[in-house]
file structure.csv (CSV, C-alpha atoms)
chain,number,residue,atom,x,y,z
E,96,MET,CA,-115.6,10.4,98.7
E,97,ASN,CA,-116.9,13.8,99.7
E,98,LEU,CA,-119.0,12.6,102.6
E,99,PRO,CA,-120.1,15.1,105.2
E,100,THR,CA,-118.7,14.8,108.7
E,101,ILE,CA,-121.3,14.4,111.5
E,102,ALA,CA,-120.7,15.0,115.2
E,103,VAL,CA,-122.8,12.5,117.1
E,104,THR,CA,-123.4,13.5,120.7
E,105,MET,CA,-123.7,10.5,123.1
E,106,GLY,CA,-126.5,12.1,125.1
E,107,ASP,CA,-127.1,11.1,128.8
E,108,ALA,CA,-124.7,8.3,129.7
E,109,ALA,CA,-127.3,6.8,132.1
E,110,GLY,CA,-129.9,6.5,129.3
E,111,VAL,CA,-130.1,4.6,126.0
E,112,GLY,CA,-127.9,7.1,124.1
E,113,PRO,CA,-124.7,5.0,124.1
E,114,GLU,CA,-126.7,1.9,123.0
E,115,VAL,CA,-128.5,3.5,120.1
E,116,VAL,CA,-125.3,5.3,119.0
E,117,VAL,CA,-123.2,2.1,118.7
E,118,ARG,CA,-126.1,0.2,117.1
E,119,ALA,CA,-126.7,2.9,114.5
E,120,LEU,CA,-123.0,3.3,113.7
E,121,ALA,CA,-122.6,-0.4,113.2
E,122,GLU,CA,-125.1,-0.3,110.3
E,123,PRO,CA,-123.4,-0.5,106.9
E,124,GLU,CA,-126.0,2.0,105.5
E,125,VAL,CA,-125.0,4.7,107.9
E,126,ARG,CA,-121.3,4.2,107.3
E,127,GLY,CA,-121.9,4.9,103.6
E,128,LEU,CA,-123.7,8.2,104.3
E,129,ALA,CA,-121.2,10.1,106.3
E,130,ARG,CA,-118.0,10.2,108.4
E,131,CYS,CA,-119.4,10.0,111.9
E,132,VAL,CA,-117.5,11.1,115.0
E,133,VAL,CA,-119.1,10.5,118.4
E,134,ILE,CA,-118.6,13.1,121.1
E,135,GLY,CA,-118.8,11.2,124.3
E,136,ASP,CA,-117.1,8.6,126.5
E,137,ALA,CA,-115.1,5.8,125.0
E,138,ALA,CA,-115.5,3.4,127.9
E,139,ARG,CA,-119.2,3.9,128.1
E,140,LEU,CA,-119.6,3.3,124.4
E,141,ALA,CA,-117.5,0.1,124.7
E,142,ARG,CA,-119.8,-1.0,127.6
E,143,ALA,CA,-122.9,-0.2,125.5
E,144,ALA,CA,-121.5,-2.3,122.6
E,145,GLU,CA,-120.9,-5.2,124.9
E,146,ILE,CA,-124.5,-4.9,126.3
E,147,CYS,CA,-126.0,-4.8,122.8
E,148,GLY,CA,-123.8,-7.5,121.4
E,149,VAL,CA,-122.5,-5.2,118.7
E,150,ASP,CA,-119.1,-6.1,117.2
E,151,VAL,CA,-117.4,-2.8,116.9
E,152,ARG,CA,-114.1,-1.3,117.9
E,153,ILE,CA,-114.1,2.0,119.8
E,154,HIS,CA,-111.4,4.2,118.5
E,155,PRO,CA,-110.5,7.4,120.4
E,156,VAL,CA,-109.5,10.3,118.2
E,157,GLU,CA,-108.4,13.9,119.0
E,158,ASP,CA,-110.4,15.6,116.3
E,159,PRO,CA,-112.7,14.7,113.4
E,160,ALA,CA,-109.9,14.9,110.8
E,161,LYS,CA,-108.2,11.9,112.5
E,162,ALA,CA,-111.3,9.7,112.3
E,163,THR,CA,-110.7,6.4,110.4
E,164,ALA,CA,-114.3,6.0,109.2
E,165,GLU,CA,-113.6,2.3,108.8
E,166,PRO,CA,-116.3,-0.3,108.9
E,167,GLY,CA,-116.7,-1.8,112.3
E,168,VAL,CA,-115.0,1.2,114.0
E,169,VAL,CA,-116.7,3.8,116.1
E,170,ASP,CA,-114.5,6.9,116.2
E,171,VAL,CA,-115.0,9.0,119.4
E,172,ILE,CA,-113.6,12.2,120.8
E,173,ASP,CA,-113.4,10.9,124.3
E,174,LEU,CA,-114.0,13.6,127.0
E,175,GLY,CA,-113.6,11.0,129.8
E,176,LEU,CA,-116.3,12.4,132.0
E,177,ILE,CA,-118.2,9.3,133.0
E,178,PRO,CA,-117.1,7.1,135.9
E,179,ALA,CA,-117.1,3.4,135.2
E,180,ASP,CA,-119.6,2.6,137.9
E,181,LEU,CA,-122.2,5.1,136.8
E,182,PRO,CA,-125.5,3.1,136.9
E,183,PHE,CA,-127.8,3.0,133.9
E,184,GLY,CA,-131.4,4.1,134.3
E,185,GLU,CA,-130.8,6.6,137.2
E,186,LEU,CA,-130.9,10.4,137.2
E,187,SER,CA,-127.4,11.7,137.6
E,188,ALA,CA,-125.9,15.2,137.7
E,189,VAL,CA,-122.6,13.6,136.5
E,190,ALA,CA,-124.4,12.3,133.4
E,191,GLY,CA,-126.1,15.7,132.9
E,192,GLU,CA,-122.8,17.5,133.0
E,193,GLY,CA,-121.4,15.0,130.5
E,194,ALA,CA,-124.4,15.5,128.1
E,195,TYR,CA,-123.8,19.3,128.3
E,196,ARG,CA,-120.1,19.0,127.6
E,197,TYR,CA,-120.7,16.7,124.5
E,198,VAL,CA,-123.1,19.3,123.0
E,199,GLU,CA,-120.7,22.1,123.9
E,200,LYS,CA,-117.9,20.3,122.1
E,201,ALA,CA,-120.1,19.6,119.0
E,202,ALA,CA,-121.0,23.3,118.8
E,203,GLU,CA,-117.3,24.2,119.1
E,204,LEU,CA,-116.5,21.9,116.2
E,205,ALA,CA,-119.4,23.3,114.1
E,206,MET,CA,-118.3,26.9,114.7
E,207,ALA,CA,-114.8,25.9,113.6
E,208,GLY,CA,-116.1,24.3,110.4
E,209,GLN,CA,-114.8,20.9,111.4
E,210,VAL,CA,-118.1,19.1,111.1
E,211,HIS,CA,-121.0,19.6,108.7
E,212,ALA,CA,-123.9,18.5,110.9
E,213,ILE,CA,-124.7,17.5,114.4
E,214,CYS,CA,-126.9,14.5,115.4
E,215,THR,CA,-127.9,14.3,119.0
E,216,ALA,CA,-128.7,11.3,121.2
E,217,PRO,CA,-131.2,12.1,123.9
E,218,LEU,CA,-130.3,14.0,127.1
E,219,ASN,CA,-132.3,14.2,130.3
E,220,LYS,CA,-133.5,17.7,131.1
E,221,ALA,CA,-133.7,17.0,134.9
E,222,ALA,CA,-130.1,15.7,134.8
E,223,LEU,CA,-129.0,18.7,132.8
E,224,HIS,CA,-130.7,21.0,135.3
E,225,ALA,CA,-129.1,19.0,138.2
E,226,ALA,CA,-125.7,19.8,136.7
E,227,GLY,CA,-126.5,23.5,136.8
E,228,HIS,CA,-127.4,24.0,133.1
E,229,ARG,CA,-130.9,25.5,132.9
E,230,TYR,CA,-132.0,24.9,129.4
E,231,PRO,CA,-135.3,23.5,128.1
E,232,GLY,CA,-133.4,21.2,125.8
E,233,HIS,CA,-130.9,20.8,123.0
E,234,THR,CA,-132.4,23.5,120.7
E,235,GLU,CA,-132.0,26.4,123.2
E,236,LEU,CA,-128.6,25.1,124.4
E,237,LEU,CA,-127.2,24.9,120.9
E,238,ALA,CA,-128.6,28.2,119.9
E,239,GLU,CA,-126.8,29.9,122.8
E,240,LEU,CA,-123.6,28.0,122.3
E,241,CYS,CA,-123.5,29.0,118.6
E,242,GLY,CA,-124.6,32.6,119.3
E,243,VAL,CA,-127.7,32.3,117.2
E,244,PRO,CA,-130.7,34.5,118.3
E,245,GLU,CA,-133.4,32.6,116.4
E,246,VAL,CA,-133.8,29.1,115.0
E,247,SER,CA,-136.6,27.1,113.4
E,248,MET,CA,-137.9,23.6,113.9
E,249,MET,CA,-138.1,21.4,110.8
E,250,LEU,CA,-139.7,18.0,110.7
E,251,SER,CA,-138.8,15.5,108.0
E,252,THR,CA,-140.2,12.1,107.1
E,253,GLY,CA,-137.9,11.6,104.1
E,254,THR,CA,-140.8,12.4,101.8
E,255,VAL,CA,-142.2,15.6,103.3
E,256,ARG,CA,-140.3,18.4,105.1
E,257,VAL,CA,-142.1,21.0,107.2
E,258,ILE,CA,-140.6,24.1,108.8
E,259,HIS,CA,-142.5,25.9,111.5
E,260,VAL,CA,-143.0,29.7,112.0
E,261,THR,CA,-144.1,29.1,115.6
E,262,THR,CA,-144.0,26.0,117.7
E,263,HIS,CA,-144.5,25.5,121.4
E,264,ILE,CA,-147.0,28.3,122.3
E,265,GLY,CA,-150.7,28.5,122.4
E,266,LEU,CA,-152.7,28.9,119.2
E,267,VAL,CA,-154.0,32.4,120.1
E,268,ASP,CA,-150.4,33.5,121.0
E,269,ALA,CA,-149.0,31.9,117.8
E,270,ILE,CA,-151.4,33.9,115.6
E,271,GLU,CA,-150.4,37.1,117.5
E,272,ARG,CA,-146.7,36.4,117.2
E,273,ILE,CA,-146.8,35.7,113.4
E,274,ASP,CA,-145.7,38.7,111.5
E,275,PRO,CA,-144.2,39.3,108.0
E,276,GLY,CA,-140.7,39.5,109.4
E,277,LEU,CA,-140.9,36.1,111.2
E,278,VAL,CA,-142.5,34.5,108.2
E,279,GLU,CA,-139.8,35.9,105.9
E,280,ARG,CA,-137.0,34.7,108.1
E,281,THR,CA,-138.5,31.3,108.4
E,282,VAL,CA,-138.9,30.9,104.7
E,283,ARG,CA,-135.3,32.1,104.1
E,284,ARG,CA,-133.9,29.6,106.7
E,285,GLY,CA,-135.7,26.8,105.0
E,286,HIS,CA,-134.6,27.9,101.6
E,287,ARG,CA,-131.0,28.3,102.6
E,288,THR,CA,-131.0,24.8,104.3
E,289,LEU,CA,-132.2,23.1,101.2
E,290,VAL,CA,-129.8,25.0,98.9
E,291,ASN,CA,-126.9,24.1,101.2
E,292,ALA,CA,-128.1,20.4,100.9
E,293,GLY,CA,-127.8,20.5,97.1
E,294,ILE,CA,-131.4,21.4,96.1
E,295,ALA,CA,-130.6,24.4,93.8
E,296,ALA,CA,-134.1,25.8,93.4
E,297,PRO,CA,-136.3,24.6,96.3
E,298,LYS,CA,-140.1,24.8,95.7
E,299,ILE,CA,-141.6,26.0,99.0
E,300,ALA,CA,-145.3,26.0,99.9
E,301,VAL,CA,-146.5,28.4,102.6
E,302,CYS,CA,-149.6,27.6,104.5
E,303,GLY,CA,-152.3,30.1,105.4
E,304,ILE,CA,-153.5,30.6,109.0
E,305,ASN,CA,-157.3,30.3,108.4
E,306,PRO,CA,-159.3,27.6,106.7
E,307,HIS,CA,-158.9,27.7,102.9
E,308,ALA,CA,-156.1,30.3,103.6
E,309,GLY,CA,-158.8,32.9,104.4
E,310,GLU,CA,-160.5,32.4,101.0
E,311,ASN,CA,-160.2,36.1,100.0
E,312,GLY,CA,-161.3,37.4,103.4
E,313,LEU,CA,-164.2,35.0,103.8
E,314,PHE,CA,-162.6,33.4,106.9
E,315,GLY,CA,-160.6,35.1,109.6
E,316,ARG,CA,-159.7,38.8,109.9
E,317,GLY,CA,-157.4,39.2,107.0
E,318,GLU,CA,-154.4,37.5,108.7
E,319,GLU,CA,-153.0,36.1,105.4
E,320,GLU,CA,-153.0,39.5,103.7
E,321,GLU,CA,-151.5,41.2,106.8
E,322,LYS,CA,-149.0,38.7,108.1
E,323,ILE,CA,-148.0,36.4,105.2
E,324,VAL,CA,-148.4,38.0,101.8
E,325,PRO,CA,-145.9,40.9,102.4
E,326,ALA,CA,-143.2,38.3,103.5
E,327,LEU,CA,-143.8,36.2,100.4
E,328,GLU,CA,-143.6,39.2,98.1
E,329,VAL,CA,-140.1,40.1,99.5
E,330,CYS,CA,-138.9,36.5,99.2
E,331,ARG,CA,-140.1,36.1,95.7
E,332,ALA,CA,-138.5,39.4,94.7
E,333,ASP,CA,-135.2,37.7,95.8
E,334,GLY,CA,-135.8,34.7,93.6
E,335,ILE,CA,-137.2,32.3,96.2
E,336,ASP,CA,-140.0,30.1,94.9
E,337,ALA,CA,-142.4,30.5,97.8
E,338,GLN,CA,-146.0,29.8,96.9
E,339,GLY,CA,-148.9,30.8,99.0
E,340,PRO,CA,-150.6,31.4,101.3
E,341,LEU,CA,-152.1,28.0,100.5
E,342,PRO,CA,-154.8,26.0,102.2
E,343,ALA,CA,-153.2,23.7,104.7
E,344,ASP,CA,-155.8,20.9,104.2
E,345,THR,CA,-154.5,20.1,100.7
E,346,VAL,CA,-150.9,21.3,100.7
E,347,PHE,CA,-149.5,18.3,102.5
E,348,PHE,CA,-151.0,15.9,100.0
E,349,ARG,CA,-149.4,18.0,97.2
E,350,ALA,CA,-146.0,17.9,99.0
E,351,GLY,CA,-146.3,14.2,99.5
E,352,ARG,CA,-146.7,13.6,95.8
E,353,GLY,CA,-143.6,15.8,95.1
E,354,ASP,CA,-145.0,19.2,94.2
E,355,PHE,CA,-143.0,20.9,96.9
E,356,ASP,CA,-139.6,20.4,98.6
E,357,LEU,CA,-140.7,22.2,101.8
E,358,VAL,CA,-143.9,23.2,103.5
E,359,VAL,CA,-144.0,26.3,105.9
E,360,ALA,CA,-146.5,25.7,108.7
E,361,MET,CA,-147.7,28.6,110.7
E,362,TYR,CA,-148.2,26.8,114.0
E,363,HIS,CA,-147.3,23.6,115.8
E,364,ASP,CA,-150.2,21.3,115.1
E,365,GLN,CA,-150.6,22.5,111.5
E,366,GLY,CA,-147.2,21.0,110.7
E,367,HIS,CA,-146.9,18.2,113.3
E,368,GLY,CA,-150.2,16.5,112.7
E,369,PRO,CA,-149.7,15.7,109.0
E,370,VAL,CA,-146.1,14.8,109.4
E,371,LYS,CA,-146.9,12.3,112.2
E,372,ILE,CA,-149.6,10.7,110.1
E,373,LEU,CA,-147.3,10.5,107.1
E,374,GLY,CA,-144.5,8.9,109.0
E,375,LEU,CA,-144.3,9.0,112.8
E,376,GLU,CA,-141.8,6.1,113.0
E,377,ALA,CA,-139.5,7.9,110.5
E,378,GLY,CA,-139.9,11.5,111.7
E,379,VAL,CA,-136.8,13.4,112.6
E,380,ASN,CA,-136.6,16.8,114.5
E,381,ILE,CA,-134.2,19.2,112.8
E,382,THR,CA,-132.9,22.5,114.1
E,383,VAL,CA,-132.5,25.0,111.2
E,384,GLY,CA,-130.6,28.3,111.6
E,385,LEU,CA,-127.5,27.0,113.4
E,386,PRO,CA,-124.1,27.1,111.6
E,387,VAL,CA,-124.8,23.5,110.7
E,388,ILE,CA,-127.9,21.3,110.6
E,389,ARG,CA,-128.8,19.5,113.8
E,390,THR,CA,-131.0,16.4,113.8
E,391,SER,CA,-132.2,14.4,116.8
E,392,VAL,CA,-133.9,11.1,117.7
E,393,ASP,CA,-137.6,11.3,118.4
E,394,HIS,CA,-137.4,9.6,121.8
E,395,GLY,CA,-136.0,10.3,125.3
E,396,THR,CA,-133.5,8.7,127.5
E,397,ALA,CA,-135.7,5.7,128.3
E,398,PHE,CA,-134.3,5.1,131.7
E,399,ASP,CA,-136.7,2.1,132.1
E,400,ILE,CA,-134.8,0.1,129.5
E,401,ALA,CA,-131.3,1.7,129.6
E,402,GLY,CA,-128.5,-0.8,130.0
E,403,THR,CA,-130.6,-3.8,128.9
E,404,GLY,CA,-129.7,-3.8,125.3
E,405,ARG,CA,-133.3,-3.5,124.2
E,406,ALA,CA,-133.1,0.0,122.8
E,407,ASP,CA,-134.1,0.3,119.2
E,408,ALA,CA,-131.7,2.4,117.0
E,409,GLY,CA,-134.2,3.0,114.2
E,410,SER,CA,-134.8,6.7,115.1
E,411,MET,CA,-131.0,7.3,115.4
E,412,VAL,CA,-130.4,5.7,112.0
E,413,GLU,CA,-133.1,8.0,110.5
E,414,ALA,CA,-131.7,11.0,112.3
E,415,LEU,CA,-128.2,10.3,110.9
E,416,ARG,CA,-129.7,9.7,107.4
E,417,GLN,CA,-131.4,13.1,107.5
E,418,ALA,CA,-128.3,14.8,108.9
E,419,ALA,CA,-126.3,13.4,106.0
E,420,ALA,CA,-129.0,14.4,103.5
E,421,LEU,CA,-129.2,18.0,104.7
E,422,ALA,CA,-125.6,18.7,105.7
E,423,ARG,CA,-123.7,21.3,103.8
E,424,ARG,CA,-121.6,19.5,101.3
E,425,PRO,CA,-117.9,19.4,102.2
call {"tool": "encode", "arguments": {"input": "structure.csv", "output": "C-alpha cells"}}
result
Amino acid sequence: MNLPTIAVTMGDAAGVGPEVVVRALAEPEVRGLARCVVIGDAARLARAAEICGVDVRIHPVEDPAKATAEPGVVDVIDLGLIPADLPFGELSAVAGEGAYRYVEKAAELAMAGQVHAICTAPLNKAALHAAGHRYPGHTELLAELCGVPEVSMMLSTGTVRVIHVTTHIGLVDAIERIDPGLVERTVRRGHRTLVNAGIAAPKIAVCGINPHAGENGLFGRGEEEEKIVPALEVCRADGIDAQGPLPADTVFFRAGRGDFDLVVAMYHDQGHGPVKILGLEAGVNITVGLPVIRTSVDHGTAFDIAGTGRADAGSMVEALRQAAALARRP
C-alpha cells in the first residue's frame, strides 16, 4: 500500500508526549493510515508503554525505510538522549535538548524526502529555552531548520479547514499587515497543500476583513478592494478557484456543508472562533509551507499528569489522521 510515512516527534520526555505517542500508535486505525516512525528515545517509549499498560514492542530502526510498520510495533529512530532516571513532570534542560534534537532530525528527514509529514508531540518552551534554543515553539523552529522564510497556520476539524493570513498579533496590527502579496501567498500555500493531498481542484473561500466583506464600501475604508481583491485576481488568473471576499459570518456555515475545501481567514479570531465551535475536541494545528505538512496535538506537556498513565491520546490520534490525510502522496 502507498501509505505516507510520518515522522512522529516524541516531544518533551518529562511530559505526556511519550505516553500519547505509544497510545496513539497502538490504535489499529492509525496503523492503517500511515507508516509512522517515532523520533525519540526507545527506553522512554518502553517506559511509557509500561505506565499506560499498552502492549506494544518498541523497535529501534536506523531510518524510516527500515521501519516494519507491523501491528503492535512502535518503530523508533532512537537518539538515546534521555537518562533512565529523568523524572516525569519536572522542567528539564536535558528533556528540552532532546525535544529540540527530535524536531531537528524530523526536519532533516523531511528535507531529504524520507518522510511525507511530521506530527509533533508537545514540547515545553521553558525547557527548550533552558537548553539554549530560543524559539517560541515548533512552528518557528521548523521554519528555520527547513530554511523557510514564511509559513501559514491551518486549523482543521476534519469537516472544515481554515488557513490564516495573520495569527498572533493584535487586530489593528493584523489589518495593517494584510496586503495583496501576503493574501496571495497564503491562498497559494493552502491551494498547494490540498492539491498535494489529492484534491485536484480545491474550492477556496476567502473572508473579507469588515462586516459583510465591506458591502461595497459601506463598512470600513475599502480594505477589501485594496488588500484582498488584487490578490484574488492574480490567483484566479492562474486557475485557482478562490472566491471572495466573502462575509465571514456565513462562509463557515457554507464550508461546513461542503461548499468549500478551505477557508482563508484574515486574522486569528476570525478563523479560530468558528473552528473551535465546530470541533474543539477534534481540532488540529497544521503548519503549511514547510517541505512537508506538520500537524500537532492541541495540548501541552501536562506535567501535572505526566508519568501517571492518565494522558488521553485523542488529540494525537486526530493529529496523525490529519497528517496522513494532508501528506503528499508517496
call {"tool": "residues_around", "arguments": {"input": "structure.csv", "residues": "E:Ile400", "least_positions_apart": "6", "cutoff": "12 Å", "atoms": "all atoms listed in the file", "output": "PyMOL selection string"}}
result
chain E and resi 109-112+114-115+146+183-185+406-407
call {"tool": "closest_residue", "arguments": {"input": "structure.csv", "among": "E:Pro342, E:Arg283, E:Glu271, E:Glu310", "to": "E:Lys322", "atoms": "only C-alpha atoms"}}
result
E:Glu271
call {"tool": "residues_around", "arguments": {"input": "structure.csv", "residues": "E:Val383", "least_positions_apart": "5", "cutoff": "7 Å", "atoms": "only C-alpha atoms", "output": "list in words"}}
result
Val246, Ser247, Met248, Met249, Arg284 and Ile388 of chain E
call {"tool": "closest_atom_pairs", "arguments": {"input": "structure.csv", "of": "stretch 178-270 of chain E", "to": "stretch 154-174 of chain E", "cutoff": "9 Å", "atoms": "all atoms listed in the file", "output": "CSV"}}
result
residue,atom,partner,partner_atom,distance
E:Gly193,CA,E:Leu174,CA,8.3
E:Arg196,CA,E:Leu174,CA,8.2
E:Tyr197,CA,E:Leu174,CA,7.8
E:Leu204,CA,E:Pro159,CA,8.6
E:Gln209,CA,E:Pro159,CA,6.8
E:Val210,CA,E:Pro159,CA,7.3
call {"tool": "closest_residue", "arguments": {"input": "structure.csv", "among": "E:Gly208, E:Gly339, E:Pro231, E:Pro325", "to": "E:Glu279", "atoms": "all atoms listed in the file"}}
result
E:Pro325
call {"tool": "closest_residue", "arguments": {"input": "structure.csv", "among": "E:Val151, E:Cys241, E:Ala143, E:Val370", "to": "E:Ala350", "atoms": "all atoms listed in the file"}}
result
E:Val370
call {"tool": "residues_around", "arguments": {"input": "structure.csv", "residues": "E:Val358", "least_positions_apart": "2", "cutoff": "7 Å", "atoms": "only C-alpha atoms", "output": "list of chain:residue names"}}
result
E:Arg256, E:Val257, E:Ile258, E:Ile299, E:Ala300, E:Val301, E:Ala360
call {"tool": "closest_residue", "arguments": {"input": "structure.csv", "among": "E:Val149, E:Ala216, E:Ala201, E:Val324", "to": "E:Ala397", "atoms": "only C-alpha atoms"}}
result
E:Ala216
call {"tool": "residues_around", "arguments": {"input": "structure.csv", "residues": "E:Val198", "least_positions_apart": "2", "cutoff": "10 Å", "atoms": "all atoms listed in the file", "output": "NGL selection string"}}
result
:E and (102-106 or 134-135 or 193-196 or 200-204 or 213-216 or 218 or 233 or 236-237 or 240)
call {"tool": "closest_residue", "arguments": {"input": "structure.csv", "among": "E:Gly191, E:Gly242, E:Gly285, E:Gly334", "to": "E:Ile381", "atoms": "all atoms listed in the file"}}
result
E:Gly285
call {"tool": "closest_residue", "arguments": {"input": "structure.csv", "among": "E:Gly227, E:Gly127, E:Gly253, E:Gly409", "to": "E:Asp356", "atoms": "only C-alpha atoms"}}
result
E:Gly253
call {"tool": "residues_around", "arguments": {"input": "structure.csv", "residues": "E:Gly315", "least_positions_apart": "2", "cutoff": "6 Å", "atoms": "only C-alpha atoms", "output": "JSON, numbers by chain"}}
result
{"E": [305, 309, 317]}
call {"tool": "write_last_selection", "arguments": {"input": "structure.csv", "atoms": "C-alpha atoms", "output": "CSV table (one decimal), keeping the file's coordinate frame"}}
result
chain,number,residue,atom,x,y,z
E,305,ASN,CA,-157.3,30.3,108.4
E,309,GLY,CA,-158.8,32.9,104.4
E,317,GLY,CA,-157.4,39.2,107.0
call {"tool": "atom_distance", "arguments": {"input": "structure.csv", "atom1": "atom CA of E:Ala222", "atom2": "atom CA of E:Pro182"}}
result
13.6 Å
call {"tool": "atom_distance", "arguments": {"input": "structure.csv", "atom1": "atom CA of E:Thr261", "atom2": "atom CA of E:Asp107"}}
result
28.1 Å
call {"tool": "residues_near_point", "arguments": {"input": "structure.csv", "point": "(-140.5, 11.0, 104.4)", "cutoff": "8 Å", "atoms": "all atoms listed in the file", "output": "mmCIF file with C-alpha atoms, keeping the file's coordinate frame"}}
result
data_model
loop_
_atom_site.group_PDB
_atom_site.id
_atom_site.type_symbol
_atom_site.label_atom_id
_atom_site.label_comp_id
_atom_site.auth_asym_id
_atom_site.auth_seq_id
_atom_site.Cartn_x
_atom_site.Cartn_y
_atom_site.Cartn_z
ATOM 1 C CA SER E 251 -138.800 15.500 108.000
ATOM 2 C CA THR E 252 -140.200 12.100 107.100
ATOM 3 C CA GLY E 253 -137.900 11.600 104.100
ATOM 4 C CA THR E 254 -140.800 12.400 101.800
ATOM 5 C CA VAL E 255 -142.200 15.600 103.300
ATOM 6 C CA ARG E 256 -140.300 18.400 105.100
ATOM 7 C CA LEU E 373 -147.300 10.500 107.100
ATOM 8 C CA GLY E 374 -144.500 8.900 109.000
ATOM 9 C CA ALA E 377 -139.500 7.900 110.500
ATOM 10 C CA GLY E 378 -139.900 11.500 111.700
#
call {"tool": "atom_distance", "arguments": {"input": "structure.csv", "atom1": "atom CA of E:Pro178", "atom2": "atom CA of E:His224"}}
result
19.5 Å
